Amino acid sequence: MTGTGLPGSRTAALIPAAGSGTRLGRGPKAFVEVAGLSLLARSVAALAPWVDEVLVALPAGSDLPPGLLARAVEGGGTRQESVARLLADTDADVVLVHDAARPFLPGAVVGALLEAVAGTGAATVALPVADTLVRGEGGLWAEGVPREGLWAVQTPQAFRRELLVRAHAEAGAQEVSATDDAGLVARLGLPVRLVPGDARLFKVTTPGDLALAEALARVWDAGAR
Ligand SMILES: Nc1ccn([C@@H]2O[C@H](COP(=O)(O)OP(=O)(O)OP(=O)(O)O)[C@@H](O)[C@H]2O)c(=O)n1
Ligand SMILES: C[C@](O)(CO)[C@H](O)COP(=O)(O)O
């Protein structure tokens with residue numbers, strides 16, 4: 001595999017795929033298929049052309065599906081732990097961390113992310129919030145939340161590897177848990193570039209998301225990406 005992403009830098013894709021898919025209810029989510037291809041296979045295929053190596057964190061006891069050009073590590077009990085284990089298994093200069101659960105990754109987004117990380121050393125794909133936001137209490141409207149300046153974070157997220165290693169180490173030392181990796185770098189006071197994402201990069205989390213993914217796959221696989 002020859003990464004076309006960043007000339008002069010070895011780049012690795014780190015794909016956390018060890019989750020149990022509780023909210024979807026179909027077992028380990030990475031192996032759930034959409035139009036004949038697993039979420040994991042789709043995410044690996046989207047990133048492989050851009051990187052020098054692909055590492056995947058799998059549920060304990062799982063094997064890498066045949067034909068996947070990737071190296072497997074055993075995932076942890078949380079996404080954060082799975083990413084930490086992936087990080088420990090590469091010496092790449094730059095790492096792209098991407099949820100297996102976000103299978104529809106346009107190449108243009110990867111290109112923009114790699115350009116951004118070359119500048120700041122840390123960058124994440126994100127979408128400006130377009131919906132009205134509300135804090136709910138007991139199923140009732142409690143208070144509106146101003147959406148100006150708010151972004152919904154997606155993946156991939158890209159980092160100079162040593163920055164992310166430091167961020168995970170600090171989080172571990174301070175027993176800080178986070179649902180993504182860019183937030184761990186930001187809490188060090190380091191700049192994290194926000195790169196405009198894509199609505200098609202939604203995370204397959206619930207049965208409704210899976211239905212959406214199955215509809216999108218028909219045009220995606222026909223070349224509309
Ligand atoms: N211990 C974990 C938990 C999550 N993930 C991965 O992190 C990504 C985002 O997590 P999420 O969408 O929450 O997946 P699950 O944890 O499987 O879903 P749920 O919370 O519904 O169980 C997924 O690709 C998932 O496989 C992981 O590698 N290791
Ligand atoms: C990393 C992430 O996809 C960014 O929005 C999100 O935080 C993952 O959350 P999850 O609960 O682990 O799916």
# chains A, B, ... in the order shown; residues from 1 in each chain; ligands from 1

$ residues_around --residues "Arg225 (chain A)" --least-positions-apart "3" --cutoff "10 Å" --atoms "only C-alpha atoms" --output "PyMOL selection string"
chain A and resi 104-108+200+216-217+219-222

$ closest_atom_pairs --of "chain A" --to "ligand 2" --cutoff "6 Å" --atoms "only C-alpha atoms and all ligand atoms" --output "JSON lines"
{"residue": "A:Arg79", "atom": "CA", "partner": "ligand 2", "partner_atom_place_in_ligand_line": "12 (O)", "distance": 5.9}
{"residue": "A:Val153", "atom": "CA", "partner": "ligand 2", "partner_atom_place_in_ligand_line": "5 (O)", "distance": 4.4}
{"residue": "A:Gln154", "atom": "CA", "partner": "ligand 2", "partner_atom_place_in_ligand_line": "5 (O)", "distance": 4.5}
{"residue": "A:Thr155", "atom": "CA", "partner": "ligand 2", "partner_atom_place_in_ligand_line": "3 (O)", "distance": 5.7}
{"residue": "A:Thr179", "atom": "CA", "partner": "ligand 2", "partner_atom_place_in_ligand_line": "7 (O)", "distance": 4.2}
{"residue": "A:Asp180", "atom": "CA", "partner": "ligand 2", "partner_atom_place_in_ligand_line": "1 (C)", "distance": 4.1}

$ residues_near_ligand --ligand "ligand 1" --cutoff "7 Å" --atoms "only C-alpha atoms and all ligand atoms" --output "ChimeraX atom specification"
/A:16-24,28-30,57-58,75-79,81-83,99-101,203-205

$ closest_residue --among "A:Gly172, A:Gly27, A:Gly119, A:Gly144" --to "Ala84 (chain A)" --atoms "only C-alpha atoms"
A:Gly172

$ select_by_dssp --residues "region 14-209 of chain A" --states "helix (DSSP H, G or I)" --output "PDB file with N, CA, C and O atoms, in the first residue's frame"
ATOM      1  N   LYS A  29     -21.063  -4.366  15.416  1.00  0.00           N
ATOM      2  CA  LYS A  29     -21.580  -3.532  14.317  1.00  0.00           C
ATOM      3  C   LYS A  29     -20.665  -3.507  13.099  1.00  0.00           C
ATOM      4  O   LYS A  29     -21.125  -3.422  11.964  1.00  0.00           O
ATOM      5  N   ALA A  30     -19.359  -3.593  13.315  1.00  0.00           N
ATOM      6  CA  ALA A  30     -18.431  -3.454  12.171  1.00  0.00           C
ATOM      7  C   ALA A  30     -18.661  -4.529  11.121  1.00  0.00           C
ATOM      8  O   ALA A  30     -18.375  -4.324   9.939  1.00  0.00           O
ATOM      9  N   PHE A  31     -19.209  -5.672  11.560  1.00  0.00           N
ATOM     10  CA  PHE A  31     -19.377  -6.783  10.616  1.00  0.00           C
ATOM     11  C   PHE A  31     -20.752  -6.772   9.947  1.00  0.00           C
ATOM     12  O   PHE A  31     -21.041  -7.600   9.093  1.00  0.00           O
ATOM     13  N   LEU A  39     -19.639  -2.837   7.132  1.00  0.00           N
ATOM     14  CA  LEU A  39     -19.252  -1.465   7.448  1.00  0.00           C
ATOM     15  C   LEU A  39     -17.738  -1.361   7.527  1.00  0.00           C
ATOM     16  O   LEU A  39     -17.136  -0.415   7.021  1.00  0.00           O
ATOM     17  N   LEU A  40     -17.112  -2.391   8.111  1.00  0.00           N
ATOM     18  CA  LEU A  40     -15.652  -2.393   8.249  1.00  0.00           C
ATOM     19  C   LEU A  40     -14.969  -2.413   6.890  1.00  0.00           C
ATOM     20  O   LEU A  40     -14.066  -1.612   6.613  1.00  0.00           O
ATOM     21  N   ALA A  41     -15.430  -3.302   6.011  1.00  0.00           N
ATOM     22  CA  ALA A  41     -14.791  -3.405   4.688  1.00  0.00           C
ATOM     23  C   ALA A  41     -14.920  -2.092   3.931  1.00  0.00           C
ATOM     24  O   ALA A  41     -13.986  -1.649   3.250  1.00  0.00           O
ATOM     25  N   ARG A  42     -16.084  -1.446   4.071  1.00  0.00           N
ATOM     26  CA  ARG A  42     -16.280  -0.162   3.383  1.00  0.00           C
ATOM     27  C   ARG A  42     -15.335   0.908   3.919  1.00  0.00           C
ATOM     28  O   ARG A  42     -14.776   1.700   3.169  1.00  0.00           O
ATOM     29  N   SER A  43     -15.173   0.940   5.233  1.00  0.00           N
ATOM     30  CA  SER A  43     -14.297   1.970   5.829  1.00  0.00           C
ATOM     31  C   SER A  43     -12.840   1.717   5.487  1.00  0.00           C
ATOM     32  O   SER A  43     -12.089   2.654   5.189  1.00  0.00           O
ATOM     33  N   VAL A  44     -12.416   0.455   5.487  1.00  0.00           N
ATOM     34  CA  VAL A  44     -11.036   0.128   5.098  1.00  0.00           C
ATOM     35  C   VAL A  44     -10.805   0.531   3.644  1.00  0.00           C
ATOM     36  O   VAL A  44      -9.817   1.195   3.313  1.00  0.00           O
ATOM     37  N   ALA A  45     -11.743   0.201   2.782  1.00  0.00           N
ATOM     38  CA  ALA A  45     -11.585   0.498   1.348  1.00  0.00           C
ATOM     39  C   ALA A  45     -11.512   2.002   1.090  1.00  0.00           C
ATOM     40  O   ALA A  45     -10.789   2.464   0.208  1.00  0.00           O
ATOM     41  N   ALA A  46     -12.223   2.775   1.900  1.00  0.00           N
ATOM     42  CA  ALA A  46     -12.232   4.233   1.691  1.00  0.00           C
ATOM     43  C   ALA A  46     -10.902   4.857   2.067  1.00  0.00           C
ATOM     44  O   ALA A  46     -10.457   5.838   1.457  1.00  0.00           O
ATOM     45  N   LEU A  47     -10.224   4.275   3.062  1.00  0.00           N
ATOM     46  CA  LEU A  47      -8.983   4.888   3.552  1.00  0.00           C
ATOM     47  C   LEU A  47      -7.728   4.278   2.949  1.00  0.00           C
ATOM     48  O   LEU A  47      -6.698   4.950   2.828  1.00  0.00           O
ATOM     49  N   ALA A  48      -7.795   3.012   2.558  1.00  0.00           N
ATOM     50  CA  ALA A  48      -6.578   2.304   2.113  1.00  0.00           C
ATOM     51  C   ALA A  48      -5.793   3.055   1.035  1.00  0.00           C
ATOM     52  O   ALA A  48      -4.565   3.145   1.110  1.00  0.00           O
ATOM     53  N   PRO A  49      -6.465   3.665   0.041  1.00  0.00           N
ATOM     54  CA  PRO A  49      -5.677   4.336  -1.023  1.00  0.00           C
ATOM     55  C   PRO A  49      -4.867   5.530  -0.528  1.00  0.00           C
ATOM     56  O   PRO A  49      -3.962   6.001  -1.197  1.00  0.00           O
ATOM     57  N   TRP A  50      -5.183   6.014   0.660  1.00  0.00           N
ATOM     58  CA  TRP A  50      -4.574   7.262   1.147  1.00  0.00           C
ATOM     59  C   TRP A  50      -3.428   7.024   2.124  1.00  0.00           C
ATOM     60  O   TRP A  50      -2.727   7.958   2.526  1.00  0.00           O
ATOM     61  N   ARG A  79     -14.142   2.888  23.213  1.00  0.00           N
ATOM     62  CA  ARG A  79     -13.545   3.346  21.954  1.00  0.00           C
ATOM     63  C   ARG A  79     -12.160   3.935  22.227  1.00  0.00           C
ATOM     64  O   ARG A  79     -11.204   3.696  21.497  1.00  0.00           O
ATOM     65  N   GLN A  80     -12.061   4.692  23.333  1.00  0.00           N
ATOM     66  CA  GLN A  80     -10.789   5.333  23.678  1.00  0.00           C
ATOM     67  C   GLN A  80      -9.703   4.284  23.884  1.00  0.00           C
ATOM     68  O   GLN A  80      -8.571   4.431  23.398  1.00  0.00           O
ATOM     69  N   GLU A  81     -10.026   3.207  24.553  1.00  0.00           N
ATOM     70  CA  GLU A  81      -9.037   2.150  24.792  1.00  0.00           C
ATOM     71  C   GLU A  81      -8.690   1.448  23.475  1.00  0.00           C
ATOM     72  O   GLU A  81      -7.527   1.118  23.222  1.00  0.00           O
ATOM     73  N   SER A  82      -9.684   1.256  22.641  1.00  0.00           N
ATOM     74  CA  SER A  82      -9.393   0.630  21.333  1.00  0.00           C
ATOM     75  C   SER A  82      -8.432   1.486  20.531  1.00  0.00           C
ATOM     76  O   SER A  82      -7.483   0.976  19.922  1.00  0.00           O
ATOM     77  N   VAL A  83      -8.646   2.800  20.537  1.00  0.00           N
ATOM     78  CA  VAL A  83      -7.742   3.683  19.797  1.00  0.00           C
ATOM     79  C   VAL A  83      -6.358   3.656  20.419  1.00  0.00           C
ATOM     80  O   VAL A  83      -5.338   3.620  19.711  1.00  0.00           O
ATOM     81  N   ALA A  84      -6.290   3.617  21.753  1.00  0.00           N
ATOM     82  CA  ALA A  84      -4.976   3.563  22.417  1.00  0.00           C
ATOM     83  C   ALA A  84      -4.217   2.310  21.977  1.00  0.00           C
ATOM     84  O   ALA A  84      -3.008   2.352  21.711  1.00  0.00           O
ATOM     85  N   ARG A  85      -4.936   1.190  21.853  1.00  0.00           N
ATOM     86  CA  ARG A  85      -4.269  -0.049  21.429  1.00  0.00           C
ATOM     87  C   ARG A  85      -3.820   0.029  19.968  1.00  0.00           C
ATOM     88  O   ARG A  85      -2.768  -0.492  19.603  1.00  0.00           O
ATOM     89  N   LEU A  86      -4.613   0.676  19.149  1.00  0.00           N
ATOM     90  CA  LEU A  86      -4.218   0.862  17.751  1.00  0.00           C
ATOM     91  C   LEU A  86      -2.960   1.728  17.661  1.00  0.00           C
ATOM     92  O   LEU A  86      -2.011   1.424  16.940  1.00  0.00           O
ATOM     93  N   LEU A  87      -2.970   2.797  18.450  1.00  0.00           N
ATOM     94  CA  LEU A  87      -1.822   3.720  18.460  1.00  0.00           C
ATOM     95  C   LEU A  87      -0.537   3.001  18.844  1.00  0.00           C
ATOM     96  O   LEU A  87       0.546   3.275  18.314  1.00  0.00           O
ATOM     97  N   GLY A 107     -13.605  10.762  -0.884  1.00  0.00           N
ATOM     98  CA  GLY A 107     -12.167  11.006  -1.002  1.00  0.00           C
ATOM     99  C   GLY A 107     -11.817  12.461  -0.794  1.00  0.00           C
ATOM    100  O   GLY A 107     -10.787  12.788  -0.206  1.00  0.00           O
ATOM    101  N   ALA A 108     -12.675  13.358  -1.249  1.00  0.00           N
ATOM    102  CA  ALA A 108     -12.389  14.794  -1.104  1.00  0.00           C
ATOM    103  C   ALA A 108     -12.262  15.192   0.366  1.00  0.00           C
ATOM    104  O   ALA A 108     -11.463  16.065   0.722  1.00  0.00           O
ATOM    105  N   VAL A 109     -13.020  14.518   1.229  1.00  0.00           N
ATOM    106  CA  VAL A 109     -12.934  14.815   2.669  1.00  0.00           C
ATOM    107  C   VAL A 109     -11.586  14.362   3.216  1.00  0.00           C
ATOM    108  O   VAL A 109     -10.932  15.078   3.987  1.00  0.00           O
ATOM    109  N   VAL A 110     -11.134  13.189   2.785  1.00  0.00           N
ATOM    110  CA  VAL A 110      -9.827  12.702   3.240  1.00  0.00           C
ATOM    111  C   VAL A 110      -8.722  13.658   2.779  1.00  0.00           C
ATOM    112  O   VAL A 110      -7.842  14.038   3.555  1.00  0.00           O
ATOM    113  N   GLY A 111      -8.801  14.081   1.547  1.00  0.00           N
ATOM    114  CA  GLY A 111      -7.794  15.008   1.022  1.00  0.00           C
ATOM    115  C   GLY A 111      -7.749  16.300   1.809  1.00  0.00           C
ATOM    116  O   GLY A 111      -6.669  16.780   2.175  1.00  0.00           O
ATOM    117  N   ALA A 112      -8.907  16.854   2.111  1.00  0.00           N
ATOM    118  CA  ALA A 112      -8.962  18.111   2.881  1.00  0.00           C
ATOM    119  C   ALA A 112      -8.429  17.915   4.290  1.00  0.00           C
ATOM    120  O   ALA A 112      -7.726  18.765   4.838  1.00  0.00           O
ATOM    121  N   LEU A 113      -8.721  16.753   4.870  1.00  0.00           N
ATOM    122  CA  LEU A 113      -8.250  16.474   6.234  1.00  0.00           C
ATOM    123  C   LEU A 113      -6.735  16.354   6.271  1.00  0.00           C
ATOM    124  O   LEU A 113      -6.068  16.896   7.169  1.00  0.00           O
ATOM    125  N   LEU A 114      -6.164  15.688   5.282  1.00  0.00           N
ATOM    126  CA  LEU A 114      -4.698  15.527   5.249  1.00  0.00           C
ATOM    127  C   LEU A 114      -4.011  16.872   5.062  1.00  0.00           C
ATOM    128  O   LEU A 114      -2.967  17.146   5.647  1.00  0.00           O
ATOM    129  N   GLU A 115      -4.637  17.734   4.268  1.00  0.00           N
ATOM    130  CA  GLU A 115      -4.074  19.079   4.079  1.00  0.00           C
ATOM    131  C   GLU A 115      -4.105  19.845   5.407  1.00  0.00           C
ATOM    132  O   GLU A 115      -3.140  20.494   5.803  1.00  0.00           O
ATOM    133  N   ALA A 116      -5.187  19.687   6.131  1.00  0.00           N
ATOM    134  CA  ALA A 116      -5.341  20.409   7.405  1.00  0.00           C
ATOM    135  C   ALA A 116      -4.348  19.916   8.444  1.00  0.00           C
ATOM    136  O   ALA A 116      -3.705  20.715   9.140  1.00  0.00           O
ATOM    137  N   VAL A 117      -4.168  18.609   8.537  1.00  0.00           N
ATOM    138  CA  VAL A 117      -3.283  18.075   9.587  1.00  0.00           C
ATOM    139  C   VAL A 117      -1.823  18.440   9.296  1.00  0.00           C
ATOM    140  O   VAL A 117      -1.009  18.581  10.212  1.00  0.00           O
ATOM    141  N   ALA A 118      -1.500  18.659   8.045  1.00  0.00           N
ATOM    142  CA  ALA A 118      -0.129  19.091   7.708  1.00  0.00           C
ATOM    143  C   ALA A 118       0.149  20.456   8.306  1.00  0.00           C
ATOM    144  O   ALA A 118       1.300  20.814   8.574  1.00  0.00           O
ATOM    145  N   GLY A 119      -0.912  21.224   8.549  1.00  0.00           N
ATOM    146  CA  GLY A 119      -0.732  22.566   9.112  1.00  0.00           C
ATOM    147  C   GLY A 119      -0.710  22.569  10.625  1.00  0.00           C
ATOM    148  O   GLY A 119       0.242  23.050  11.235  1.00  0.00           O
ATOM    149  N   THR A 120      -1.741  22.011  11.247  1.00  0.00           N
ATOM    150  CA  THR A 120      -1.870  22.148  12.704  1.00  0.00           C
ATOM    151  C   THR A 120      -1.363  20.928  13.474  1.00  0.00           C
ATOM    152  O   THR A 120      -1.162  20.975  14.675  1.00  0.00           O
ATOM    153  N   ARG A 161       1.232  11.583  14.962  1.00  0.00           N
ATOM    154  CA  ARG A 161       1.056  10.482  15.913  1.00  0.00           C
ATOM    155  C   ARG A 161       1.529  10.852  17.306  1.00  0.00           C
ATOM    156  O   ARG A 161       0.852  10.577  18.307  1.00  0.00           O
ATOM    157  N   GLU A 162       2.661  11.504  17.414  1.00  0.00           N
ATOM    158  CA  GLU A 162       3.176  11.754  18.766  1.00  0.00           C
ATOM    159  C   GLU A 162       2.260  12.681  19.565  1.00  0.00           C
ATOM    160  O   GLU A 162       2.190  12.597  20.796  1.00  0.00           O
ATOM    161  N   LEU A 163       1.500  13.520  18.849  1.00  0.00           N
ATOM    162  CA  LEU A 163       0.535  14.384  19.555  1.00  0.00           C
ATOM    163  C   LEU A 163      -0.579  13.550  20.167  1.00  0.00           C
ATOM    164  O   LEU A 163      -0.982  13.751  21.322  1.00  0.00           O
ATOM    165  N   LEU A 164      -1.077  12.599  19.377  1.00  0.00           N
ATOM    166  CA  LEU A 164      -2.184  11.778  19.887  1.00  0.00           C
ATOM    167  C   LEU A 164      -1.705  10.831  20.976  1.00  0.00           C
ATOM    168  O   LEU A 164      -2.422  10.594  21.961  1.00  0.00           O
ATOM    169  N   VAL A 165      -0.481  10.339  20.836  1.00  0.00           N
ATOM    170  CA  VAL A 165       0.079   9.489  21.899  1.00  0.00           C
ATOM    171  C   VAL A 165       0.122  10.272  23.208  1.00  0.00           C
ATOM    172  O   VAL A 165      -0.316   9.811  24.263  1.00  0.00           O
ATOM    173  N   ARG A 166       0.580  11.512  23.123  1.00  0.00           N
ATOM    174  CA  ARG A 166       0.674  12.377  24.327  1.00  0.00           C
ATOM    175  C   ARG A 166      -0.708  12.651  24.905  1.00  0.00           C
ATOM    176  O   ARG A 166      -0.943  12.573  26.115  1.00  0.00           O
ATOM    177  N   ALA A 167      -1.659  12.894  24.024  1.00  0.00           N
ATOM    178  CA  ALA A 167      -3.027  13.202  24.500  1.00  0.00           C
ATOM    179  C   ALA A 167      -3.645  12.007  25.212  1.00  0.00           C
ATOM    180  O   ALA A 167      -4.281  12.141  26.265  1.00  0.00           O
ATOM    181  N   HIS A 168      -3.449  10.820  24.646  1.00  0.00           N
ATOM    182  CA  HIS A 168      -3.992   9.628  25.306  1.00  0.00           C
ATOM    183  C   HIS A 168      -3.283   9.358  26.625  1.00  0.00           C
ATOM    184  O   HIS A 168      -3.897   8.967  27.623  1.00  0.00           O
ATOM    185  N   ALA A 169      -1.967   9.608  26.661  1.00  0.00           N
ATOM    186  CA  ALA A 169      -1.221   9.370  27.904  1.00  0.00           C
ATOM    187  C   ALA A 169      -1.703  10.316  29.003  1.00  0.00           C
ATOM    188  O   ALA A 169      -1.951   9.896  30.143  1.00  0.00           O
ATOM    189  N   GLU A 170      -1.904  11.588  28.635  1.00  0.00           N
ATOM    190  CA  GLU A 170      -2.378  12.568  29.627  1.00  0.00           C
ATOM    191  C   GLU A 170      -3.785  12.190  30.110  1.00  0.00           C
ATOM    192  O   GLU A 170      -4.108  12.273  31.286  1.00  0.00           O
ATOM    193  N   ALA A 171      -4.618  11.757  29.169  1.00  0.00           N
ATOM    194  CA  ALA A 171      -5.991  11.384  29.554  1.00  0.00           C
ATOM    195  C   ALA A 171      -5.966  10.201  30.502  1.00  0.00           C
ATOM    196  O   ALA A 171      -6.665  10.157  31.509  1.00  0.00           O
ATOM    197  N   GLY A 172      -5.098   9.230  30.206  1.00  0.00           N
ATOM    198  CA  GLY A 172      -4.987   8.065  31.081  1.00  0.00           C
ATOM    199  C   GLY A 172      -4.503   8.453  32.465  1.00  0.00           C
ATOM    200  O   GLY A 172      -5.052   8.021  33.478  1.00  0.00           O
ATOM    201  N   ALA A 173      -3.496   9.333  32.506  1.00  0.00           N
ATOM    202  CA  ALA A 173      -2.922   9.736  33.799  1.00  0.00           C
ATOM    203  C   ALA A 173      -3.944  10.499  34.643  1.00  0.00           C
ATOM    204  O   ALA A 173      -3.974  10.404  35.867  1.00  0.00           O
ATOM    205  N   ALA A 182      -9.955  13.979  18.962  1.00  0.00           N
ATOM    206  CA  ALA A 182      -9.598  15.402  18.796  1.00  0.00           C
ATOM    207  C   ALA A 182      -9.818  16.165  20.094  1.00  0.00           C
ATOM    208  O   ALA A 182      -9.035  17.054  20.452  1.00  0.00           O
ATOM    209  N   GLY A 183     -10.859  15.783  20.836  1.00  0.00           N
ATOM    210  CA  GLY A 183     -11.111  16.460  22.113  1.00  0.00           C
ATOM    211  C   GLY A 183      -9.980  16.230  23.110  1.00  0.00           C
ATOM    212  O   GLY A 183      -9.656  17.130  23.906  1.00  0.00           O
ATOM    213  N   LEU A 184      -9.347  15.070  23.025  1.00  0.00           N
ATOM    214  CA  LEU A 184      -8.222  14.804  23.937  1.00  0.00           C
ATOM    215  C   LEU A 184      -7.027  15.687  23.597  1.00  0.00           C
ATOM    216  O   LEU A 184      -6.312  16.157  24.481  1.00  0.00           O
ATOM    217  N   VAL A 185      -6.836  15.942  22.301  1.00  0.00           N
ATOM    218  CA  VAL A 185      -5.730  16.818  21.889  1.00  0.00           C
ATOM    219  C   VAL A 185      -6.054  18.261  22.248  1.00  0.00           C
ATOM    220  O   VAL A 185      -5.216  19.004  22.760  1.00  0.00           O
ATOM    221  N   ALA A 186      -7.307  18.651  22.032  1.00  0.00           N
ATOM    222  CA  ALA A 186      -7.715  20.041  22.332  1.00  0.00           C
ATOM    223  C   ALA A 186      -7.549  20.358  23.808  1.00  0.00           C
ATOM    224  O   ALA A 186      -7.171  21.476  24.176  1.00  0.00           O
ATOM    225  N   ALA A 199     -22.682  15.110   5.010  1.00  0.00           N
ATOM    226  CA  ALA A 199     -23.836  14.442   5.652  1.00  0.00           C
ATOM    227  C   ALA A 199     -23.795  12.929   5.420  1.00  0.00           C
ATOM    228  O   ALA A 199     -24.307  12.147   6.226  1.00  0.00           O
ATOM    229  N   ARG A 200     -23.145  12.516   4.319  1.00  0.00           N
ATOM    230  CA  ARG A 200     -23.104  11.060   4.040  1.00  0.00           C
ATOM    231  C   ARG A 200     -22.160  10.331   4.996  1.00  0.00           C
ATOM    232  O   ARG A 200     -22.141   9.103   5.059  1.00  0.00           O
ATOM    233  N   LEU A 201     -21.399  11.105   5.770  1.00  0.00           N
ATOM    234  CA  LEU A 201     -20.444  10.501   6.718  1.00  0.00           C
ATOM    235  C   LEU A 201     -21.104  10.197   8.057  1.00  0.00           C
ATOM    236  O   LEU A 201     -20.414  10.067   9.067  1.00  0.00           O
ATOM    237  N   PRO A 207     -31.150   1.415  14.064  1.00  0.00           N
ATOM    238  CA  PRO A 207     -31.746   0.769  12.887  1.00  0.00           C
ATOM    239  C   PRO A 207     -32.132   1.758  11.790  1.00  0.00           C
ATOM    240  O   PRO A 207     -32.001   1.466  10.608  1.00  0.00           O
ATOM    241  N   GLY A 208     -32.548   2.949  12.168  1.00  0.00           N
ATOM    242  CA  GLY A 208     -32.882   3.960  11.158  1.00  0.00           C
ATOM    243  C   GLY A 208     -31.672   4.343  10.331  1.00  0.00           C
ATOM    244  O   GLY A 208     -31.753   4.537   9.110  1.00  0.00           O
ATOM    245  N   ASP A 209     -30.497   4.443  11.002  1.00  0.00           N
ATOM    246  CA  ASP A 209     -29.264   4.761  10.281  1.00  0.00           C
ATOM    247  C   ASP A 209     -28.930   3.652   9.292  1.00  0.00           C
ATOM    248  O   ASP A 209     -28.451   3.890   8.187  1.00  0.00           O
TER     249      ASP A 209
END

$ atom_distance --atom1 "CA of Leu68 (chain A)" --atom2 "CA of Val54 (chain A)"
9.4 Å

$ atom_distance --atom1 "CA of Ala152 (chain A)" --atom2 "CA of Gly189 (chain A)"
20.0 Å

$ select_by_dssp --residues "region 6-46 of chain A" --states "strand (DSSP E)" --output "PDB file with N, CA and C atoms, in the first residue's frame"
ATOM      1  N   THR A  11       1.861   7.294   6.798  1.00  0.00           N
ATOM      2  CA  THR A  11       0.511   7.549   7.310  1.00  0.00           C
ATOM      3  C   THR A  11      -0.193   6.231   7.576  1.00  0.00           C
ATOM      4  N   ALA A  12      -0.861   6.144   8.716  1.00  0.00           N
ATOM      5  CA  ALA A  12      -1.608   4.927   9.061  1.00  0.00           C
ATOM      6  C   ALA A  12      -3.066   5.279   9.325  1.00  0.00           C
ATOM      7  N   ALA A  13      -3.942   4.400   8.870  1.00  0.00           N
ATOM      8  CA  ALA A  13      -5.359   4.519   9.230  1.00  0.00           C
ATOM      9  C   ALA A  13      -5.597   3.629  10.442  1.00  0.00           C
ATOM     10  N   LEU A  14      -6.190   4.176  11.472  1.00  0.00           N
ATOM     11  CA  LEU A  14      -6.522   3.428  12.691  1.00  0.00           C
ATOM     12  C   LEU A  14      -8.042   3.370  12.757  1.00  0.00           C
ATOM     13  N   ILE A  15      -8.594   2.179  12.644  1.00  0.00           N
ATOM     14  CA  ILE A  15     -10.050   2.028  12.550  1.00  0.00           C
ATOM     15  C   ILE A  15     -10.589   1.287  13.766  1.00  0.00           C
ATOM     16  N   PRO A  16     -11.167   2.022  14.730  1.00  0.00           N
ATOM     17  CA  PRO A  16     -11.809   1.352  15.868  1.00  0.00           C
ATOM     18  C   PRO A  16     -13.064   0.640  15.383  1.00  0.00           C
ATOM     19  N   GLU A  33     -23.475  -5.985   7.382  1.00  0.00           N
ATOM     20  CA  GLU A  33     -23.299  -5.691   5.955  1.00  0.00           C
ATOM     21  C   GLU A  33     -24.328  -4.686   5.452  1.00  0.00           C
ATOM     22  N   VAL A  34     -23.888  -3.869   4.526  1.00  0.00           N
ATOM     23  CA  VAL A  34     -24.769  -2.935   3.805  1.00  0.00           C
ATOM     24  C   VAL A  34     -24.536  -3.190   2.314  1.00  0.00           C
ATOM     25  N   LEU A  37     -21.532  -5.498   1.599  1.00  0.00           N
ATOM     26  CA  LEU A  37     -20.182  -5.203   2.119  1.00  0.00           C
ATOM     27  C   LEU A  37     -20.325  -4.774   3.580  1.00  0.00           C
ATOM     28  N   SER A  38     -19.437  -5.254   4.431  1.00  0.00           N
ATOM     29  CA  SER A  38     -19.534  -4.885   5.854  1.00  0.00           C
ATOM     30  C   SER A  38     -19.171  -3.421   6.034  1.00  0.00           C
TER      31      SER A  38
END

$ residues_around --residues "Asp131 (chain A)" --least-positions-apart "6" --cutoff "12 Å" --atoms "only C-alpha atoms" --output "short mmCIF file (atom, residue, chain, number, x, y, z; two decimals) with N, CA and C atoms, in the first residue's frame"
data_model
loop_
_atom_site.label_atom_id
_atom_site.label_comp_id
_atom_site.auth_asym_id
_atom_site.auth_seq_id
_atom_site.Cartn_x
_atom_site.Cartn_y
_atom_site.Cartn_z
N GLY A 144 -33.80 25.96 24.98
CA GLY A 144 -33.12 25.97 23.68
C GLY A 144 -31.63 26.12 23.89
N VAL A 145 -30.86 25.57 22.95
CA VAL A 145 -29.39 25.68 23.01
C VAL A 145 -28.95 26.41 21.74
N PRO A 146 -28.39 27.61 21.86
CA PRO A 146 -27.94 28.35 20.65
C PRO A 146 -27.00 27.49 19.82
N ARG A 147 -27.29 27.44 18.49
CA ARG A 147 -26.46 26.56 17.66
C ARG A 147 -25.33 27.29 16.95
N GLU A 148 -25.32 28.63 17.08
CA GLU A 148 -24.30 29.40 16.38
C GLU A 148 -22.91 28.92 16.80
N LEU A 150 -21.69 26.01 16.64
CA LEU A 150 -21.61 24.61 17.06
C LEU A 150 -21.39 23.70 15.86
N TRP A 151 -20.60 22.68 16.00
CA TRP A 151 -20.31 21.70 14.96
C TRP A 151 -20.59 20.31 15.50
N ALA A 152 -21.03 19.44 14.66
CA ALA A 152 -21.18 18.02 15.01
C ALA A 152 -19.95 17.28 14.49
#
